[in-house]
Amino acid sequence: MIRRIPLGLVPGLLLLGMACGQAGESTASDDTDGGTTGPAPTSTGGAVAPPAADAAPPPEREVESSFEAPVATGSFVWVTNPKSGRIAYIDVRSLVVKTVEAGNGPTYLAAVPGANVDTTVVLNVLSNDASVLRATATGIDVKSVKVAKDANAWAFSADGRYAIAWADAKKRPGAPKTEGFQDLTVIDLSGATPPTVLAVGYRPVLVGFARNAPIAHAVTQDGVAIVDLATSPPRLVRNVPISATPTEDPGTRDVAVTPDGKTALVRREGSPSITAVSLETGARVEVALNGPVTDLDLTESGDRAVAVVRSTSTVAVLPIPGVLTQPTQVKNVTVTGETVGSVVLSTDGSTAMLYTNASQTERVTVMNLLATPDPTFRTVKLYSPVLAAFAAPDARHATILHDVKTLDGAFSLVPLAIDLPAKIVATKAKPTFVAMTESVAIVSERGDSQKIYGAYLAKLPSFEVERFTLASPPIAVGIVPAAKRAFVAQQHPEGRITFLDLDTGLARTLTGFELASRVVDGSKP
Amino acid sequence: MKNRAKIGLFSALLCTLALTACGDREEVWAEAPRGVQAFGLRDRVVVLDDSAKRVVSLVAAADQKLERTSVRVGANVASVVPSKDLEKLFVLSYGDLPRRSAEDERPSLTVLQTGAERRIDLSSAHGGLVADPAGRYLAIFAAAPGTLGTRPPPSSFVENPNEIVIVDLEAPPGKEAVVPRSIRSFGGKPRAVTFTPVVNLPGGARRLLVIETDQDVTLLDLDHVHDTPERPEITVRLGTGSTAKPLAPAGIVIDDGEASRSDDTRIAIRISNDTNVVMLTLGPSAQGSPNDFFPTVNLSDVGGPAQDLAFVKTDGGLRLAALVPSVRAAVLVEPSTGLTQKVDLPEAYSRLALVTGAVPGTTGTADVALLYGATTSTQGVSFWALGKTAGQPYRSLEAVPLGTGVRSVLDVPAPRGDLKVLESANGNGFFVLDLASRTASPLVTTARPKLSLSPGGERLWAFPDGGNVISRIDLSTLHPVTLPVDRQVEEVFDVTNRAGGSSVIALDTRGTVSATVLAADAVDAIGGRTTFGLLLEGLP
């Protein structure tokens, strides 16, 4: 099972733990039909559907949501207003709000990683273009570039030079089958080459870049398209099939691409094997496991993948790229006495959290992947069923969201590095979003029927928790460590965001971004 | 009293005849007094005689005789405003418009106080005048047509509505007292100005001038008003720019926050055409800003247009209280987070007055507010104790039914600050509200009364507009005494007389103005004196 980021936030600043996809790393599901997103206790605050009570447990559930939310860069939080055509940017330190004109209907906003200055890009859905916004000493520099129709998602190279605007069909659930969403727009943010539109396979589900090579890839239903960025203009150089069966239903498979862009790993629902595909040669290798693989995750460095077989509680560690040449050299560890169907890896790849949310299991298993000769593990007792897990970047702590059937909810703070008990925190409504740094975690809650909205700020490692009442439903959370502030974006017609000072715990809410930006202090003629 | 009055009238006629016999008369003799208006200061009454370009100061002597002094003011008076301490009177004049000769007067401001007058020439004519409650500044601006207390200009002329003339009565040496500023405009025109008290801002203690236009709010740093180059004002535009409908400010309230902090001064703005209130938090400015503070803007939806605002102390901390009569509620807004708590009210109250200090037994951690409605639809007042108990954001809401709405509330000066005078909306009387006992004593009148309080809070004067009686109500006993006067009464002022006692001066401002002076504690009219033709004396 692959979870998607429930927030459109900045990697490195707004860390959503192990459940996050990575900007440079590629993991995705080919789940394109009908836009099924799994239970979403996030933006809607709806209850998570309970597993069926038949003999065979249901699939592991994906906890995700799809919406547009603020993004943060080093100094600013950026929020789009598709209606006014403006983007508000909030100075995280002074909380001064300003706006800048974008195109027509600015909607899909993303922060550009690796840029020297605070940089974001936004897709303007009504003018079929994108605005590149860069913070300068005098304000925000805006440049407009044409993009292919229907683009609604972004991918960036690690150095921030290239961006690809693409169309994620999952955001268009009602689209007819004849809509292929096959155009990618490759944008050289340095301006050296003009934007290029390239056609790839049917309905891409994931676009990414190789970390150290001028190569991009797009996982589509027709295979993985490889784009050479070294040429001017960039061009599509090959399409690598990921299945020997061209008629295979792509809706049942998850595809992960290593950060170096050289290997793709394919998991198929119900299949006991993982397919490893060399994106350089097209060679495919089947890695046989001892039961249907229920989840697969890649480390951020791309040196290993972890697959989970729930039926046998087996955790398989696949060396990358070694598995391509020696598919039997997989390290299998059985988590005796536990049911594990999902895996979440820490950012550094040292730790795996193993659990199942397909049944009401009140335990999580913490596995040390670096232990020799074999990974070691311990099981942490919890006091409520597990729904999702998020790890701090240093892999020392984790936040577990619980699957509570009543209107309220709970989350637990779990020490990963030391064998200490977890702390459970009862919430007044369903937990929705999580962000973590090494020293703090923030969890939002949302109860629309009870009109209860709040956020919990947890200090690490003390696990001291403070609740903040919110005036409206949270739609995203994040942490800006440099400014020592966490933020909770909320649903409000005029825009609302609450900043929490990590040192003092003081809350400051800004409502009405457009209004706030219209303060004239005479600093400009 | 009547004999004395006749003698006075006879003297005036003789004077008139004598002046007539002495050759050419000043033009003022050829016309009836116009623009007559009376103002009460602590120790005198000042009558404006606009046609004669003067004010006549009336001081009561111990024997109730009137001492009269005439002081010249500018031509075509626009506004007259007394200072808060009732020691000064500010008279703003348009001057002669247009000026045809060197003799024609420029716009001017005359500051009157005991034993001294100060005339300040102005470079432009405006009608609006607001005095700083602390006494240092005056703001002169283009008042909107029909503004209460502002007279229309004598002739049409071009006016810059966004010019605010600040008069610094305590200008430092070498600095001009008059500082004209044209505030930045996005199409709005000033409607109201407010002087803030001293507030603790990131750059230090400051006083601000808050200017409300019909679509934005401007903040001007008064402590840097003399700076060269000019320190620009800060404009908060109250509209998103997405629609042509701006948010129209309708009043502000200010709170300086905690004494130890310099980033929590707040200005709340109610909006006449929107359900939001706007909160400005004055924090540090960004680098490069010409001001050393910057407002962070916040909106809070209170469910309907707020009719009144006040910052209140609750057990949970500072809150902005907004009265929203359209939903029969008060809404408490937490300033930092914008969280709102609705408090249902028994009546659609539209006005709020804090009475904490006057209510015995209050702890100081939570305010007590008096709620009333300036309409006949409400039937009383309520005391709102803002302490907090479990489950509700206030401790108690105690209604005092009056059987009528309350038109206005008069604050009785110290030492009787525990009393309020409530003018009934139906015009049949008024109530003396005792905040300590929470009793409301009705006093019935046969016509809508005009009310005037003594500066020391001992007495209330009530009289029918244009009648020939005045009634004194002792606020300790609520015992009324009705006193007859010779002429009809339009204004009554309770002033300190020359001997240090109190006199009441009842004015008939018709014609050449007459005044009846009585001892403030008189039980009948026997010791009173009436003087006629007050504006016939002292003319050139």
# chains A, B, ... in the order shown; residues from 1 in each chain; ligands from 1
>>> residues_around(residues="B:Ile164", least_positions_apart="2", cutoff="8 Å", atoms="only C-alpha atoms", output="count of residues only")
10
>>> residues_around(residues="stretch 148-156 of chain B", least_positions_apart="5", cutoff="7 Å", atoms="only C-alpha atoms", output="PDB file with C-alpha atoms, in the first residue's frame")
ATOM      1  CA  ASN B  76     -18.338  81.693   9.285  1.00  0.00           C
ATOM      2  CA  ALA B  78     -17.830  75.621  10.997  1.00  0.00           C
ATOM      3  CA  SER B  79     -17.576  73.703  14.264  1.00  0.00           C
ATOM      4  CA  TYR B  94     -14.231  78.737   7.397  1.00  0.00           C
ATOM      5  CA  LEU B  97     -15.143  82.341   1.192  1.00  0.00           C
ATOM      6  CA  GLY B 127     -15.749  71.885   8.583  1.00  0.00           C
ATOM      7  CA  GLY B 128     -14.920  68.851  10.737  1.00  0.00           C
TER       8      GLY B 128
END
>>> closest_atom_pairs(of="chain B", to="chain A", cutoff="8 Å", atoms="only C-alpha atoms", output="Markdown table")
| residue | atom | partner | partner_atom | distance |
| --- | --- | --- | --- | --- |
| B:Pro232 | CA | A:Gly522 | CA | 5.6 |
| B:Glu233 | CA | A:Asp521 | CA | 6.3 |
| B:Ile234 | CA | A:Asp521 | CA | 4.3 |
| B:Thr235 | CA | A:Val520 | CA | 5.0 |
| B:Val236 | CA | A:Val519 | CA | 4.4 |
| B:Arg237 | CA | A:Arg518 | CA | 5.4 |
| B:Leu238 | CA | A:Leu515 | CA | 6.3 |
| B:Gly239 | CA | A:Leu515 | CA | 6.1 |
| B:Thr240 | CA | A:Leu515 | CA | 5.2 |
| B:Gly241 | CA | A:Glu514 | CA | 7.9 |
| B:Ser242 | CA | A:Ser84 | CA | 6.1 |
| B:Gly283 | CA | A:Ser94 | CA | 7.9 |
| B:Pro284 | CA | A:Ser94 | CA | 7.0 |
| B:Ser285 | CA | A:Ser94 | CA | 7.4 |
| B:Ala286 | CA | A:Ser94 | CA | 7.0 |
| B:Gly288 | CA | A:Ser523 | CA | 6.8 |
| B:Ser289 | CA | A:Ser523 | CA | 5.1 |
| B:Pro290 | CA | A:Ser523 | CA | 5.8 |
| B:Asn291 | CA | A:Asp521 | CA | 7.2 |
| B:Phe294 | CA | A:Asp521 | CA | 7.7 |
| B:Pro295 | CA | A:Val519 | CA | 7.7 |
| B:Thr296 | CA | A:Val96 | CA | 6.4 |
| B:Val297 | CA | A:Ala516 | CA | 4.8 |
| B:Asn298 | CA | A:Thr511 | CA | 4.8 |
| B:Leu299 | CA | A:Thr511 | CA | 5.1 |
| B:Ser300 | CA | A:Thr511 | CA | 7.4 |
| B:Ser336 | CA | A:Arg508 | CA | 4.9 |
| B:Thr337 | CA | A:Thr509 | CA | 4.5 |
| B:Gly338 | CA | A:Thr509 | CA | 6.3 |
| B:Leu339 | CA | A:Ala471 | CA | 4.9 |
| B:Thr340 | CA | A:Ala471 | CA | 7.2 |
>>> select_by_dssp(residues="stretch 305-442 of chain B", states="strand (DSSP E)", output="number ranges by chain")
B: 308-314, 317-324, 329-333, 340-344, 351-354, 368-372, 380-385, 396-401, 406-411, 419-424, 429-434, 439-442
>>> residues_around(residues="stretch 264-266 of chain A", least_positions_apart="3", cutoff="9 Å", atoms="only C-alpha atoms", output="ChimeraX atom specification")
/A:26-27,224,242-243,253-258,261,273-279,296,298,305
>>> residues_around(residues="B:Val111", least_positions_apart="3", cutoff="9 Å", atoms="only C-alpha atoms", output="list in words")
Lys88, Leu89, Phe90, Val91, Leu92, Ala116, Glu117, Arg118, Arg119 and Ile120 of chain B
>>> atom_distance(atom1="atom CA of B:Ala399", atom2="atom CA of B:Val381")
5.9 Å
>>> select_by_dssp(residues="stretch 215-432 of chain B", states="helix (DSSP H, G or I)", output="list in words")
Leu222, Asp223, His224, Pro325, Ser326, Val327, Thr356, Gly357 and Ala358 of chain B
>>> closest_atom_pairs(of="stretch 416-466 of chain A", to="stretch 344-366 of chain A", cutoff="10 Å", atoms="only C-alpha atoms", output="Markdown table")
| residue | atom | partner | partner_atom | distance |
| --- | --- | --- | --- | --- |
| A:Leu416 | CA | A:Val366 | CA | 6.8 |
| A:Ala417 | CA | A:Thr351 | CA | 9.0 |
| A:Asp419 | CA | A:Val366 | CA | 9.9 |
>>> write_last_selection(atoms="N, CA and C atoms", output="PDB file, in the first residue's frame")
ATOM      1  N   LEU A 416      10.594   5.666  19.079  1.00  0.00           N
ATOM      2  CA  LEU A 416      11.117   4.627  18.188  1.00  0.00           C
ATOM      3  C   LEU A 416      12.528   4.206  18.579  1.00  0.00           C
ATOM      4  N   ALA A 417      13.315   5.168  19.038  1.00  0.00           N
ATOM      5  CA  ALA A 417      14.721   4.873  19.281  1.00  0.00           C
ATOM      6  C   ALA A 417      14.956   4.205  20.630  1.00  0.00           C
ATOM      7  N   ASP A 419      13.165   1.981  23.948  1.00  0.00           N
ATOM      8  CA  ASP A 419      12.027   1.119  24.297  1.00  0.00           C
ATOM      9  C   ASP A 419      11.279   1.702  25.501  1.00  0.00           C
TER      10      ASP A 419
END
>>> closest_residue(among="A:Asp188, A:Glu464, A:Asp297, A:Asp168", to="A:Leu229", atoms="only C-alpha atoms")
A:Asp188
>>> residues_around(residues="B:Val432", least_positions_apart="6", cutoff="12 Å", atoms="only C-alpha atoms", output="MDAnalysis selection string")
chainID B and resid 402 406 409:412 416:424 438:444 451 459:460 473:479
>>> closest_residue(among="A:Val340, A:Val333, A:Met367, A:Val92", to="A:Arg310", atoms="only C-alpha atoms")
A:Val340
>>> residues_around(residues="B:Arg487", least_positions_apart="4", cutoff="9 Å", atoms="only C-alpha atoms", output="VMD selection string")
chain B and resid 466 to 469 506 to 508 514 to 516 530
